[in-house]
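Structure below is work_6.txt: compact mmCIF, C-alpha atoms and all ligand atoms.
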```txt
# COMPACT_ATOMS: atom_id res chain seq x y z
CA MET A 347 -83.69 152.55 -26.68
CA SER A 348 -81.04 153.05 -24.05
CA SER A 349 -81.04 152.99 -20.31
CA PHE A 350 -79.82 155.93 -18.25
CA LEU A 351 -78.18 153.70 -15.66
CA ASP A 352 -75.18 151.59 -16.53
CA GLU A 353 -74.40 148.18 -15.04
CA LYS A 354 -72.15 149.63 -12.37
CA VAL A 355 -74.96 151.74 -10.97
CA LEU A 356 -77.74 149.19 -11.40
CA PRO A 357 -77.16 147.05 -8.29
CA TYR A 358 -77.29 150.13 -6.08
CA VAL A 359 -80.64 151.36 -7.24
CA LEU A 360 -82.58 148.11 -7.55
CA GLY A 361 -84.01 148.52 -4.09
CA GLY A 362 -84.33 151.09 -1.35
CA VAL A 363 -82.33 148.90 1.03
CA ALA A 364 -79.30 148.90 -1.25
CA VAL A 365 -79.55 152.65 -1.79
CA GLY A 366 -79.87 153.15 1.95
CA ALA A 367 -76.53 151.40 2.47
CA LEU A 368 -74.76 154.13 0.51
CA GLY A 369 -73.66 157.44 1.94
CA GLY A 370 -74.99 160.68 0.46
CA LEU A 371 -71.62 161.44 -1.11
CA ALA A 372 -71.47 158.06 -2.83
CA LEU A 373 -74.95 158.58 -4.23
CA ALA A 374 -74.01 162.02 -5.48
CA LYS A 375 -71.02 160.51 -7.29
CA LEU A 376 -73.11 157.76 -8.82
CA MET A 377 -75.62 160.25 -10.11
CA ALA A 378 -73.12 162.88 -11.15
CA LYS A 379 -73.19 162.01 -14.83
CA ASP A 380 -76.95 162.37 -14.99
CA THR A 381 -77.66 165.38 -12.85
CA SER A 382 -76.45 168.92 -12.53
CA SER A 383 -74.25 169.92 -9.62
CA VAL A 384 -77.07 172.08 -8.29
CA GLU A 385 -79.31 169.06 -7.90
CA ILE A 386 -76.59 167.01 -6.23
CA LYS A 387 -76.07 169.78 -3.71
CA ALA A 388 -79.79 169.79 -3.03
CA PHE A 389 -79.63 166.06 -2.27
CA GLY A 390 -76.93 165.81 0.35
CA VAL A 391 -78.84 163.00 2.06
CA VAL A 392 -79.79 159.66 0.50
CA ASP A 393 -83.51 159.85 1.20
CA PRO A 394 -84.75 163.43 1.40
CA ASN A 395 -88.31 162.20 1.93
CA PRO A 396 -88.25 159.28 4.41
CA ARG A 397 -91.44 157.41 5.31
CA SER A 398 -91.30 158.98 8.76
CA GLY A 399 -91.80 162.40 7.13
CA TRP A 400 -94.84 161.49 5.07
CA THR A 401 -98.29 162.74 5.93
CA PRO A 402 -100.33 159.92 7.52
CA THR A 403 -101.59 157.31 5.05
CA LYS A 404 -105.34 157.04 4.70
CA THR A 405 -106.85 153.74 3.59
CA GLY A 406 -110.25 153.29 1.97
CA THR A 407 -111.98 149.91 1.75
CA MET A 408 -113.47 149.51 -1.69
CA HIS A 409 -116.65 147.84 -2.85
CA THR A 410 -115.64 144.63 -4.64
CA PRO A 411 -118.44 143.23 -6.79
CA ALA A 412 -117.88 139.86 -8.50
CA LEU A 413 -116.06 140.12 -11.84
CA SER A 414 -119.09 138.59 -13.59
CA GLU A 415 -121.31 141.35 -12.18
CA LEU A 416 -118.84 144.03 -13.29
CA ALA A 417 -118.76 142.50 -16.76
CA SER A 418 -122.53 142.82 -17.17
CA VAL A 419 -122.51 146.37 -15.74
CA LEU A 420 -119.92 147.40 -18.35
CA ASN A 421 -121.59 145.53 -21.22
CA GLU A 422 -124.74 147.55 -20.55
CA GLY A 423 -123.11 150.79 -19.39
CA MET A 424 -120.63 151.26 -22.26
CA VAL A 425 -122.97 150.47 -25.14
CA GLU A 426 -123.23 154.18 -26.07
CA ASP A 427 -119.47 154.68 -26.01
CA PHE A 428 -118.23 152.09 -28.52
CA LYS A 429 -119.52 150.41 -31.67
CA SER A 430 -118.72 147.10 -30.07
CA ILE A 431 -118.04 146.39 -26.42
CA LYS A 432 -117.47 143.07 -24.72
CA ALA A 433 -116.63 142.66 -21.05
CA GLU A 434 -115.99 139.14 -19.79
CA VAL A 435 -114.18 137.16 -17.11
CA VAL A 436 -111.08 135.37 -18.40
CA HIS A 437 -107.90 133.80 -17.08
CA CYS A 438 -105.14 136.37 -17.26
CA PRO A 439 -102.71 135.79 -20.17
CA ASN A 440 -98.98 135.63 -19.38
CA MET A 441 -98.29 139.35 -19.16
CA GLN A 442 -94.53 138.97 -19.23
CA GLU A 443 -94.91 138.26 -22.93
CA SER A 444 -95.42 140.71 -25.78
CA PRO A 445 -97.48 142.80 -26.23
CA PHE A 446 -97.75 143.44 -22.46
CA ASN A 447 -94.08 143.33 -21.41
CA LEU A 448 -94.91 143.42 -17.71
CA ALA A 449 -92.39 142.55 -15.00
CA ALA A 450 -94.76 140.01 -13.39
CA PRO A 451 -96.81 137.25 -15.04
CA GLY A 452 -100.15 138.73 -13.97
CA ILE A 453 -102.07 141.43 -12.10
CA CYS A 454 -103.86 139.20 -9.59
CA GLY A 455 -103.72 138.59 -5.85
CA SER A 456 -104.02 141.06 -2.94
CA CYS A 457 -104.91 143.92 -5.32
CA ARG A 458 -104.72 147.43 -3.96
CA LEU A 459 -104.21 150.92 -5.37
CA ALA A 460 -101.65 153.38 -4.04
CA ASP A 461 -102.12 157.08 -4.76
CA VAL A 462 -98.81 158.68 -3.80
CA GLY A 463 -97.95 162.37 -3.48
CA GLY A 464 -99.71 164.47 -6.10
CA PRO A 465 -99.67 167.36 -8.56
CA PRO A 466 -99.35 169.91 -5.69
CA TYR A 467 -95.71 168.72 -5.35
CA LEU A 468 -95.16 169.78 -8.99
CA ILE A 469 -97.49 172.75 -9.36
CA PRO A 470 -97.20 175.73 -8.91
CA THR A 471 -93.50 175.01 -8.25
CA VAL A 472 -91.64 171.73 -7.96
CA GLN A 473 -90.66 170.22 -4.60
CA ARG A 474 -87.58 168.27 -5.66
CA ASP A 475 -87.25 166.59 -2.28
CA LYS A 476 -90.42 164.56 -2.93
CA VAL A 477 -88.67 161.31 -3.84
CA TYR A 478 -90.23 157.88 -3.26
CA ASN A 479 -89.26 154.24 -3.72
CA LEU A 480 -91.58 151.37 -4.64
CA VAL A 481 -89.96 149.35 -1.84
CA ASP A 482 -91.21 151.90 0.71
CA ILE A 483 -94.65 152.04 -0.92
CA ALA A 484 -94.85 148.22 -0.75
CA ALA A 485 -93.99 148.35 2.96
CA GLU A 486 -96.58 151.08 3.55
CA ILE A 487 -99.36 149.01 1.94
CA LYS A 488 -98.10 145.80 3.60
CA LEU A 489 -97.33 144.00 0.36
CA PRO A 490 -93.51 143.77 0.43
CA ASP A 491 -93.20 141.51 -2.63
CA ALA A 492 -95.65 143.56 -4.72
CA ALA A 493 -95.78 143.80 -8.46
CA PHE A 494 -96.46 147.42 -9.44
CA ILE A 495 -97.76 148.97 -12.65
CA GLY A 496 -99.13 152.44 -13.22
CA ALA A 497 -98.42 156.09 -13.88
CA GLY A 498 -96.05 158.47 -12.14
CA ALA A 499 -93.20 160.91 -12.46
CA GLY A 500 -89.58 159.82 -12.79
CA SER A 501 -87.02 160.80 -10.19
CA SER A 502 -85.36 163.91 -11.57
CA ARG A 503 -82.21 163.25 -9.55
CA LEU A 504 -81.75 160.02 -11.56
CA THR A 505 -82.83 161.25 -14.98
CA GLY A 506 -81.65 164.84 -14.73
CA THR A 507 -85.04 166.13 -15.81
CA ASN A 508 -88.73 166.06 -15.09
CA CYS A 509 -90.36 163.15 -16.97
CA GLU A 510 -93.23 160.68 -17.29
CA LEU A 511 -92.77 157.30 -15.61
CA MET A 512 -94.43 153.98 -16.47
CA PRO A 513 -93.68 151.97 -13.31
CA ASN A 514 -93.53 148.24 -14.07
CA SER A 515 -91.64 146.38 -11.38
CA HIS A 516 -91.91 143.10 -9.48
CA LEU A 517 -90.19 143.38 -6.11
CA ALA A 518 -90.33 139.62 -5.42
CA THR A 519 -88.13 138.85 -8.44
CA HIS A 520 -86.29 142.23 -8.71
CA LYS A 521 -87.44 142.38 -12.32
CA ILE A 522 -87.86 145.96 -13.55
CA MET A 523 -89.53 146.65 -16.90
CA THR A 524 -90.15 150.34 -16.22
CA HIS A 525 -89.88 152.99 -18.95
CA PHE A 526 -89.79 156.77 -18.83
CA ALA A 527 -90.55 159.42 -21.44
CA LYS A 528 -88.79 162.77 -21.47
CA MET A 529 -88.24 165.67 -23.85
CA ARG A 530 -84.94 165.78 -25.71
CA ASP A 531 -84.25 168.59 -28.20
CA GLY A 532 -87.96 169.38 -28.34
CA LYS A 533 -88.98 165.78 -29.08
CA PRO A 534 -90.40 163.08 -26.77
CA VAL A 535 -88.18 160.03 -26.28
CA LEU A 536 -88.83 156.78 -24.43
CA GLU A 537 -86.11 155.03 -22.47
CA ARG A 538 -85.74 152.14 -20.01
CA TYR A 539 -85.58 153.02 -16.31
CA MET A 540 -83.76 150.56 -14.07
CA SER A 541 -84.75 151.84 -10.65
CA ASN A 542 -87.63 151.62 -8.18
CA GLU A 543 -87.20 155.28 -7.24
CA PHE A 544 -89.75 157.80 -8.49
CA GLY A 545 -90.65 161.41 -7.81
CA LEU A 546 -93.54 163.71 -6.91
CA LEU A 547 -96.53 161.48 -7.61
CA GLY A 548 -97.60 158.00 -8.57
CA ASN A 549 -100.80 156.07 -9.16
CA LEU A 550 -100.04 152.40 -8.77
CA LEU A 551 -101.78 149.05 -8.98
CA ALA A 552 -100.06 146.72 -6.53
CA SER A 553 -100.72 142.98 -6.60
CA ASP A 554 -99.02 139.64 -6.02
CA GLY A 555 -98.27 139.67 -9.77
CA LYS A 556 -99.96 136.32 -10.22
CA ARG A 557 -102.14 135.04 -13.02
CA GLY A 558 -105.80 134.49 -12.21
CA GLU A 559 -109.29 135.66 -13.11
CA VAL A 560 -109.43 139.16 -14.57
CA LEU A 561 -111.96 141.41 -16.23
CA LYS A 562 -111.26 141.56 -19.97
CA ILE A 563 -112.77 144.50 -21.86
CA THR A 564 -112.62 144.62 -25.65
CA ALA A 565 -113.91 147.80 -27.28
CA THR A 566 -113.73 148.99 -30.87
CA GLY A 567 -114.93 152.13 -32.68
CA ARG A 568 -115.39 154.90 -30.13
CA THR A 569 -118.75 156.66 -30.52
CA SER A 570 -118.77 159.07 -27.54
CA GLU A 571 -116.51 161.82 -26.26
CA LYS A 572 -115.40 159.70 -23.31
CA THR A 573 -111.97 158.10 -23.20
CA PHE A 574 -111.76 154.31 -22.74
CA VAL A 575 -110.91 154.72 -19.05
CA ASN A 576 -113.51 157.42 -18.52
CA ALA A 577 -116.21 155.30 -20.19
CA ILE A 578 -115.48 152.42 -17.78
CA ARG A 579 -115.42 154.74 -14.79
CA THR A 580 -118.65 156.48 -15.77
CA ALA A 581 -120.46 153.16 -16.19
CA LEU A 582 -119.28 151.99 -12.76
CA SER A 583 -120.19 155.29 -11.18
CA ALA A 584 -123.70 155.21 -12.67
CA LYS A 585 -124.29 151.75 -11.22
CA TYR A 586 -122.59 151.97 -7.84
CA GLY A 587 -122.96 155.66 -6.90
CA THR A 588 -121.12 156.42 -3.66
CA GLN A 589 -119.94 152.82 -3.23
CA PRO A 590 -116.40 153.14 -4.58
CA VAL A 591 -115.19 150.52 -7.06
CA ALA A 592 -111.47 150.70 -7.88
CA LEU A 593 -109.78 149.01 -10.82
CA GLY A 594 -106.25 148.88 -12.13
CA GLY A 595 -104.74 147.04 -15.03
CA VAL A 596 -103.24 147.12 -18.47
CA PHE A 597 -104.81 147.82 -21.85
CA ILE A 598 -103.50 147.63 -25.35
CA ILE A 599 -104.44 150.18 -27.98
CA GLY A 600 -104.07 147.78 -30.88
CA LYS A 601 -105.03 150.07 -33.76
CA GLY A 602 -105.08 153.83 -34.26
CA LYS A 603 -103.34 156.73 -32.57
CA ALA A 604 -103.57 158.29 -29.13
CA LYS A 605 -103.01 161.77 -27.74
CA LEU A 606 -100.30 161.59 -25.08
CA HIS A 607 -98.37 164.22 -23.21
CA VAL A 608 -94.81 164.32 -21.94
CA MET A 609 -93.81 166.79 -19.25
CA PRO A 610 -90.86 168.98 -20.18
CA ASP A 611 -88.32 169.92 -17.52
CA PHE A 612 -89.66 171.79 -14.51
CA SER A 613 -91.16 175.17 -15.32
CA LYS A 614 -88.97 178.13 -14.38
CA THR A 615 -92.08 180.10 -13.50
CA ALA A 616 -94.98 179.11 -11.24
CA ILE A 617 -97.86 177.32 -12.97
CA GLN A 618 -101.23 178.45 -11.66
CA SER A 619 -104.02 177.02 -13.80
CA ASP A 620 -105.01 174.13 -16.08
CA ALA A 621 -104.55 176.49 -19.05
CA GLU A 622 -100.96 177.16 -17.98
CA VAL A 623 -100.42 173.41 -17.48
CA ASP A 624 -101.70 172.86 -21.03
CA ALA A 625 -99.33 175.46 -22.45
CA TRP A 626 -96.38 173.91 -20.58
CA LEU A 627 -96.99 170.24 -21.47
CA HIS A 628 -95.86 168.71 -24.76
CA TYR A 629 -98.77 166.94 -26.46
CA TYR A 630 -98.32 164.58 -29.39
CA GLU A 631 -99.97 161.73 -31.28
CA ALA A 632 -98.52 158.31 -30.55
CA ASN A 633 -98.94 155.29 -32.80
CA ALA A 634 -100.44 151.93 -31.85
CA PRO A 635 -99.67 149.40 -30.60
CA LEU A 636 -99.44 151.07 -27.21
CA ILE A 637 -99.26 149.35 -23.83
CA MET A 638 -101.19 151.42 -21.31
CA LEU A 639 -100.65 150.97 -17.57
CA CYS A 640 -103.72 152.09 -15.62
CA GLY A 641 -102.78 152.80 -12.02
CA SER A 642 -106.04 154.43 -11.05
CA LEU A 643 -109.64 153.96 -12.13
CA VAL A 644 -111.87 154.77 -9.15
CA SER A 645 -115.63 155.20 -9.59
CA TYR A 646 -116.08 157.48 -6.56
CA ASP A 647 -113.65 159.26 -4.26
CA PRO A 648 -114.71 158.56 -0.66
CA GLY A 649 -112.94 161.68 0.61
CA LEU A 650 -109.33 160.51 0.13
CA ASP A 651 -108.27 163.32 -2.28
CA LEU A 652 -107.75 160.73 -5.03
CA ARG A 653 -106.68 161.12 -8.62
CA VAL A 654 -109.53 158.98 -9.95
CA GLU A 655 -108.01 158.24 -13.38
CA HIS A 656 -104.34 157.99 -14.31
CA THR A 657 -102.80 155.98 -17.13
CA HIS A 658 -99.35 156.07 -18.74
CA GLY A 659 -98.32 154.16 -21.84
CA PHE A 660 -95.22 152.84 -23.53
CA SER A 661 -94.49 150.89 -26.68
CA GLU A 662 -91.91 148.74 -28.41
CA HIS A 663 -91.34 151.48 -31.03
CA GLY A 664 -90.35 154.46 -28.87
CA ASP A 665 -93.68 156.21 -28.21
CA GLY A 666 -94.79 156.78 -24.63
CA GLY A 667 -96.37 159.26 -22.22
CA HIS A 668 -99.49 160.20 -20.27
CA TYR A 669 -102.71 158.93 -21.88
CA HIS A 670 -105.46 161.38 -22.75
CA TYR A 671 -107.58 159.73 -25.48
CA ASP A 672 -107.41 158.09 -28.89
CA THR A 673 -107.50 160.41 -31.91
CA THR A 674 -108.83 157.75 -34.29
CA PRO A 675 -112.26 156.93 -32.83
CA GLU A 676 -113.58 155.30 -36.01
CA PHE A 677 -111.12 152.41 -36.01
CA VAL A 678 -109.53 152.36 -32.57
CA GLU A 679 -109.25 148.98 -30.83
CA TYR A 680 -108.86 148.55 -27.09
CA THR A 681 -108.16 145.28 -25.26
CA GLY A 682 -107.95 145.71 -21.50
CA TYR A 683 -107.36 143.43 -18.52
CA PHE A 684 -108.31 144.74 -15.10
CA SER A 685 -108.23 143.61 -11.48
CA VAL A 686 -110.47 144.90 -8.71
CA ALA A 687 -108.68 146.58 -5.81
CA GLU A 688 -109.77 145.74 -2.29
CA THR A 689 -108.28 148.90 -0.80
CA VAL A 690 -107.00 152.29 -1.91
CA HIS A 691 -104.13 153.85 0.04
CA ARG A 692 -103.58 157.61 -0.05
CA ILE A 693 -99.90 158.05 0.74
CA ASP A 694 -98.09 161.30 1.60
CA ALA A 695 -101.02 163.39 0.40
CA PRO A 696 -100.16 167.09 0.17
CA THR A 697 -101.66 169.01 3.08
CA ALA A 698 -102.45 171.93 0.81
CA THR A 699 -104.15 170.35 -2.19
CA HIS A 700 -105.71 171.64 -5.41
CA GLN A 701 -107.35 170.28 -8.56
CA VAL A 702 -104.90 171.68 -11.12
CA GLY A 703 -103.11 169.17 -13.39
CA ARG A 704 -105.25 166.11 -12.61
CA ASP A 705 -106.62 165.52 -16.13
ZN ZN B 801 -99.58 161.29 -15.92
```
Could you show the structure in this file as structure tokens?
Amino acid sequence: MSSFLDEKVLPYVLGGVAVGALGGLALAKLMAKDTSSVEIKAFGVVDPNPRSGWTPTKTGTMHTPALSELASVLNEGMVEDFKSIKAEVVHCPNMQESPFNLAAPGICGSCRLADVGGPPYLIPTVQRDKVYNLVDIAAEIKLPDAAFIGAGAGSSRLTGTNCELMPNSHLATHKIMTHFAKMRDGKPVLERYMSNEFGLLGNLLASDGKRGEVLKITATGRTSEKTFVNAIRTALSAKYGTQPVALGGVFIIGKGKAKLHVMPDFSKTAIQSDAEVDAWLHYYEANAPLIMLCGSLVSYDPGLDLRVEHTHGFSEHGDGGHYHYDTTPEFVEYTGYFSVAETVHRIDAPTATHQVGRD
């Protein structure tokens, strides 16, 4: 695996502050080897999408049941979905270690979800000026030292193409363990991504990155049509109804294969429907073990225009992308660790929204 940013560029893109200190011309030069001249011309300014230009952030206060209560709700509610299911409260393992490879030691403390931008900035046609930085998101949700994990789109002005992003960054320590998956010569490839900048959309779990009590869910042998994430969400929804419960976390697919997608470069023609999205995306089967970063699992949308499920995965063997479901239900093994978010923040929501491309 290689990184698209060399050591000379790295210090400039570690944080929004450092990037902000550069002029637009300097940025264009830094990015020149990775982007076409057309894109550089389109980005004459450093931040084409400053916080001051975002639509107003809406914040929802979530219902936060005790972890022990959530464990019993899931033990009962997911019994039809897996041959064996065990939800329990445990102390978070050190997630900086394999197989998790997170930037921060844990997913605990001040947990909140950020739902940034959205598919309307990609579909029907891309809005390339929709560029964000985790540093700005952290400021917006008042957690400046946040550890972030989740699912988003990479910044095309850094990577030179549309791509899947697996944000994994701890602002307090400047440690970035982010990956991105893109199409190269018709095949998906996974690479390291040494920046806090992203594009278009992101579903993020933000926390203090500490170790503490988490909800551990172990599930083997899928027996329903629901995905792992969807089974959890459905069980929560059945119990809590219109009281929204929001989780984020990391799960390992330890055995089996999973259907993932990787977005190719931006479509030259407008995409109008889920069927056209399907035809455009590149789907493939990825091999376990896979590290899945769940940046959104919300039981009920209290009118915030949320993407209620969004998970991206990476691996140590080069597979990565957007998670749909496992393709080996008979012997799949999931081990997940989740935190409960106190608030959900809808940031720079598109004013004209739609439901296309949210699967
Ligand atoms: Zn995705």
Problem set entry | Selection as a VMD selection string: residues within 8 Å of ligand ZN 801 (chain B) by only C-alpha atoms and all ligand atoms | chain A and resid 497 to 499 510 to 511 607 656 to 658 667 to 669
Exercise. Nearest to Asp694 in chain A among A:Asp651, A:Ser414, A:Gln589, A:Met638, with distances taken over all atoms listed in the file: which residue is it?
Worked result: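 When distances to Asp694 in chain A are compared using all atoms listed in the file, the smallest one comes from A:Asp651.
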Exercise. Could you state the separation of CA of Ile693 in chain A and CA of Leu546 in chain A in Å, given to one decimal place?
Worked result: 11.4 Å
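If all atoms listed in the file are the atoms counted, then among A:Ser570, A:Thr471, A:Asn542, A:Thr410 the closest residue to Gly500 in chain A is A:Asn542.
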Problem set entry | Interatomic distance (Å, one decimal) between CA of Cys640 in chain A and CA of Pro445 in chain A |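 Between CA of Cys640 in chain A and CA of Pro445 in chain A the gap works out to 15.4 Å.
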For this session: Identify the residues within 8 Å of coordinate (-105.6, 152.9, -30.1) (same frame as the file), considering all atoms listed in the file, and give the answer as a ChimeraX atom specification.
Result: /A:598-604,633-636,672-674,678-680
Preceding selection exported with C-alpha atoms as a JSON list (two decimals), in the coordinates of the input:
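Output contents, as saved in result_14.json:
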```json
[["chain", "number", "residue", "atom", "x", "y", "z"],
["A", 598, "ILE", "CA", -103.50, 147.63, -25.35],
["A", 599, "ILE", "CA", -104.44, 150.18, -27.98],
["A", 600, "GLY", "CA", -104.07, 147.78, -30.88],
["A", 601, "LYS", "CA", -105.03, 150.07, -33.76],
["A", 602, "GLY", "CA", -105.08, 153.83, -34.26],
["A", 603, "LYS", "CA", -103.34, 156.73, -32.57],
["A", 604, "ALA", "CA", -103.57, 158.29, -29.13],
["A", 633, "ASN", "CA", -98.94, 155.29, -32.80],
["A", 634, "ALA", "CA", -100.44, 151.93, -31.85],
["A", 635, "PRO", "CA", -99.67, 149.40, -30.60],
["A", 636, "LEU", "CA", -99.44, 151.07, -27.21],
["A", 672, "ASP", "CA", -107.41, 158.09, -28.89],
["A", 673, "THR", "CA", -107.50, 160.41, -31.91],
["A", 674, "THR", "CA", -108.83, 157.75, -34.29],
["A", 678, "VAL", "CA", -109.53, 152.36, -32.57],
["A", 679, "GLU", "CA", -109.25, 148.98, -30.83],
["A", 680, "TYR", "CA", -108.86, 148.55, -27.09]]
```
For this session: Work out how far CA of Leu550 in chain A is from CA of His691 in chain A, in Å to one decimal.
Result: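 That distance, rounded to one decimal, is 9.8 Å.
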Problem set entry | Among the residues A:Val435, A:Ala417, A:Cys457, A:Ile522, the one that comes closest to Gly555 in chain A [using only C-alpha atoms] |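 With only C-alpha atoms as the atom set, the closest residue is A:Cys457.
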Exercise. Do you know which residues are at most 9 Å from Asp554 in chain A counting all atoms listed in the file, after dropping those on the same chain fewer than 3 positions away, and could you put them as a list in words?
Worked result: Ala450, Gly452, Ile453, Cys454, Gly455, Ser456, Cys457, Leu489, Asp491, Ala492, Ala493, Phe494, His516, Ala518 and Arg557 of chain A
